[in-house]
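Undergrad: Dumping the structure here so I can ask a few things about it.
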Amino acid sequence: MPETSRGASAFHDLSAFLALPRLNSLALSADGSRLVAAVQTLSGDGTRFVSGLWEIDPAGERPALRLTRSDKGESAPAFGPDGALYFLSGRAGDDEDDDEGAALWALPPRGEAAVVARHPGGITAFTVARDSGALCHTAGLLPGAADAEAHGTLRTARKDAKVTAILYEAGPTRAWDRDIGPEEPHTFVRAGADADVVDAGGQGAGLEEPGDAALSPDGTRVAYTRFVAGRIPDENRTAVVVADAAGGEQLLVVGDLEHLYDAPAFTHDGSAVVCARRSWPTYDEPWDQTLVRIDLASGEVRDLLPGFDNWPHGAVCSPVDDTLWFTADEQGHSPVFRRDRDGNVTRLTASGAYGSLCVAPDGRTLYALRNAIDSPPRPVRIDGATAGRTPAELAAPGAPGGLPGTLTEVHAEADDGFALRGWLVLPEGASAERPAPLLVAVHGGPQGSWNGWTWRWNPWPFAARGYAVLLPDPALSTGYGQLGQRRGWGQWGGRPYQDVMALTDATEARGDIDAGRTALAGGSYGGYMANRVATSTDRFKAIVSHAGLWDLRMFQGDTDVPWYFRCIFGDPVTRPERYEADSPYPDATKIRTPMLVIHGAKDYRVPVGQGAALFQDLQRYEVPAKYLYFPDENHWILQPNHVHVWYEAFLNFLDHHVLGAEWQRPARM
């Protein structure tokens, strides 16, 4: 359990909090001797997060060593079989104003880094074959371009003509915070340093994060995710494509109207691909996810986890046999699981949330990033063959020191008897004699869980200001199995709302909580819940709604993925019932609680009109309200100065309405 700060900590000073290093990915060399992490730190002027590469001692004996430090940063580390460290970077003296994007670089065990591949407009992602060292990268091609050279020519002509228009003929037009097209991401493979670059096929115009690709160990096959535009939007899907790496010929496509396929990984001998398969949701049934094995010889697709109730992700294959490891949300954690070749599944870790799994050459040692509500991501070594052993933490930058409080759990029983749980952060000094004010923070998704560290909704700056923070997992949260999904499916403002209230009641019943000084906040789905709560009860002193849905009917036609939400809510013309039952907007006149509304203009998932309309209605009905608007942020607030403003405005709003302090504008505005 992390120690408390017993006084000042990085969480008492927002500038110090933002300056904490952030680990976000790991790479292990083919021989298992080197481990590298990508770590984000503040730029010299404090206005950007810049990623650099650090070497971590796999034995845990030596301190971490920084390998790169360019102003443009380095990301996505991966090792080749010869020990070369590959990464993406826009460095090497490129003009800040040019838009050529990232190039693929290689840093040999001895010597200087050099460019391995460039592409007009930049490279999005890459991977390296374990045994052969073949390279695969993802980059765009404009319509009519047969290769990178032709793409560059067309791109220059378009730029010189000052044309930014995009003609769509099918598929989606936006994804998250960007307009799709006119380029389509393609999968390019090169067998060796002197080999020609081969186009192994387009990934489709519609992937939220292009570049989901894998190479077979010998580099002769490539597997990647492709977005497939449907005959109508409701039939949009993803498929996994397997192609010949030498000639680019498509060998196998696995996809259908009932499922989404992604995250392909080759087995140790290259004879099969393991990938995630998600069943498409319907009006009556929530989606479900499993791992499947695609046999490349027969095309047979086999479910590897029949009966496994939670949703697996992040699967990695053993380099020596058919064992695989994955993670899955489970009751406030996201443990590592091992699936043996006979199908037996074992949970290896007891607590925390894990990601960026790397398997050592021995086929039994794992390296991963472990995080938890009370710990940012830290590199650890795991015995992948034995359950129940505590992972060994490895030395790395970024330890925040003591925390301004402690972490415990809250449990409650829903009105249908379902066992609910959540995390509770308690500030230092909270007691029956000094009960703490409470902030209830509802997570997004709604398919998500409070089970790990977050930089965007971190509870510890609030604890440093003296607030307890409840992190509830209501219906539709992950980690409860399919029953947890079915309980809340199709009733966003029903069962989940009741669960949040039940966990709030249980928390407010504690002697160390001041039930008369409670606020509620949330982002995305949590922002929707904040809006729903505001129209349903006046029990809270303040409510903060970030990127929250306000009018579901308007939202459904404006979001970047309308076909997905139409599965949940139905067609607003022929099945309006859920729109009418779950939209907060019709009950705007019932709001009495002061509200802070936050939204980014580049948010295409929950478009900014939702926040603007809510703020207009709050003013119209004379509800005390403020609107924090970010013209160049998306669904998340990412720029350091804006993150500082976000936390400061949030905390000051709570202090004003919950504690009765005088309102203070954020200092940086």
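So you can find residues: chains in the structure tokens are A, B, ... in the order shown, residues in each start at 1, and ligands are numbered from 1 in order.
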Hey, what's within 6 Å of Arg277 in chain A if we count only C-alpha atoms and toss same-chain stuff fewer than 5 positions away? As a count of residues only, please?
TA: 5
Undergrad: Need to verify the contact set: Ala328 in chain A, 10 Å, only C-alpha atoms, exclusion of same-chain residues closer than 3 positions in sequence. Can you return it as a list in words?
TA: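 Counting only the stated atoms, we get Phe308, Asp309, Asn310, Trp311, Pro312, His313, Gly314, Ala315, Gln331, His333, Ser334, Pro335, Val336, Phe337, Arg347, Ala353, Tyr354, Gly355, Thr478 and Gly479 of chain A.
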Undergrad: Can you pull out every residue within 9 Å of Leu424 in chain A, counting only C-alpha atoms, but drop anything in the same chain fewer than 4 positions away, and send it as a PDB file with N, CA and C atoms, in the first residue's frame?
TA:
```pdb
ATOM      1  N   THR A 406      -5.725   7.965   1.740  1.00  0.00           N
ATOM      2  CA  THR A 406      -5.719   6.500   1.693  1.00  0.00           C
ATOM      3  C   THR A 406      -6.859   6.003   0.805  1.00  0.00           C
ATOM      4  N   LEU A 407      -6.774   4.726   0.444  1.00  0.00           N
ATOM      5  CA  LEU A 407      -7.756   4.117  -0.457  1.00  0.00           C
ATOM      6  C   LEU A 407      -8.435   2.957   0.244  1.00  0.00           C
ATOM      7  N   THR A 408      -9.756   2.887   0.110  1.00  0.00           N
ATOM      8  CA  THR A 408     -10.516   1.766   0.650  1.00  0.00           C
ATOM      9  C   THR A 408     -11.637   1.436  -0.331  1.00  0.00           C
ATOM     10  N   GLU A 409     -12.454   0.459   0.004  1.00  0.00           N
ATOM     11  CA  GLU A 409     -13.573   0.063  -0.852  1.00  0.00           C
ATOM     12  C   GLU A 409     -14.908   0.358  -0.180  1.00  0.00           C
ATOM     13  N   VAL A 410     -15.915   0.548  -1.006  1.00  0.00           N
ATOM     14  CA  VAL A 410     -17.286   0.724  -0.547  1.00  0.00           C
ATOM     15  C   VAL A 410     -18.139  -0.336  -1.220  1.00  0.00           C
ATOM     16  N   ALA A 468     -13.063  13.726   0.021  1.00  0.00           N
ATOM     17  CA  ALA A 468     -13.137  12.288  -0.246  1.00  0.00           C
ATOM     18  C   ALA A 468     -13.706  12.121  -1.653  1.00  0.00           C
ATOM     19  N   VAL A 469     -13.304  11.058  -2.346  1.00  0.00           N
ATOM     20  CA  VAL A 469     -13.759  10.833  -3.717  1.00  0.00           C
ATOM     21  C   VAL A 469     -14.272   9.409  -3.845  1.00  0.00           C
ATOM     22  N   LEU A 470     -15.544   9.277  -4.166  1.00  0.00           N
ATOM     23  CA  LEU A 470     -16.148   7.967  -4.424  1.00  0.00           C
ATOM     24  C   LEU A 470     -16.062   7.670  -5.910  1.00  0.00           C
ATOM     25  N   LEU A 471     -15.531   6.485  -6.264  1.00  0.00           N
ATOM     26  CA  LEU A 471     -15.401   6.039  -7.645  1.00  0.00           C
ATOM     27  C   LEU A 471     -16.289   4.807  -7.815  1.00  0.00           C
ATOM     28  N   PRO A 472     -17.569   4.999  -8.156  1.00  0.00           N
ATOM     29  CA  PRO A 472     -18.513   3.877  -8.205  1.00  0.00           C
ATOM     30  C   PRO A 472     -18.464   3.120  -9.523  1.00  0.00           C
ATOM     31  N   THR A 507     -21.767   5.351   1.091  1.00  0.00           N
ATOM     32  CA  THR A 507     -20.594   6.166   1.432  1.00  0.00           C
ATOM     33  C   THR A 507     -20.958   7.267   2.412  1.00  0.00           C
TER      34      THR A 507
END
```
Undergrad: I'd like the interatomic distance between CA of Trp489 in chain A and CA of Leu257 in chain A, to a tenth of an Å.
TA: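 Answer for the CA of Trp489 in chain A to CA of Leu257 in chain A separation: 21.0 Å.
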Undergrad: For range 227-233 of chain A, please output as a PyMOL selection string all residues within 6 Å (counting only C-alpha atoms; exclusion window: fewer than 2 positions along the same chain).
TA: chain A and resi 171+204+206-207+235-238+563
Undergrad: One decimal, in Å: what's the spacing between CA of Ala223 in chain A and CA of Arg339 in chain A?
TA: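 CA of Arg339 in chain A lies 21.9 Å from CA of Ala223 in chain A.
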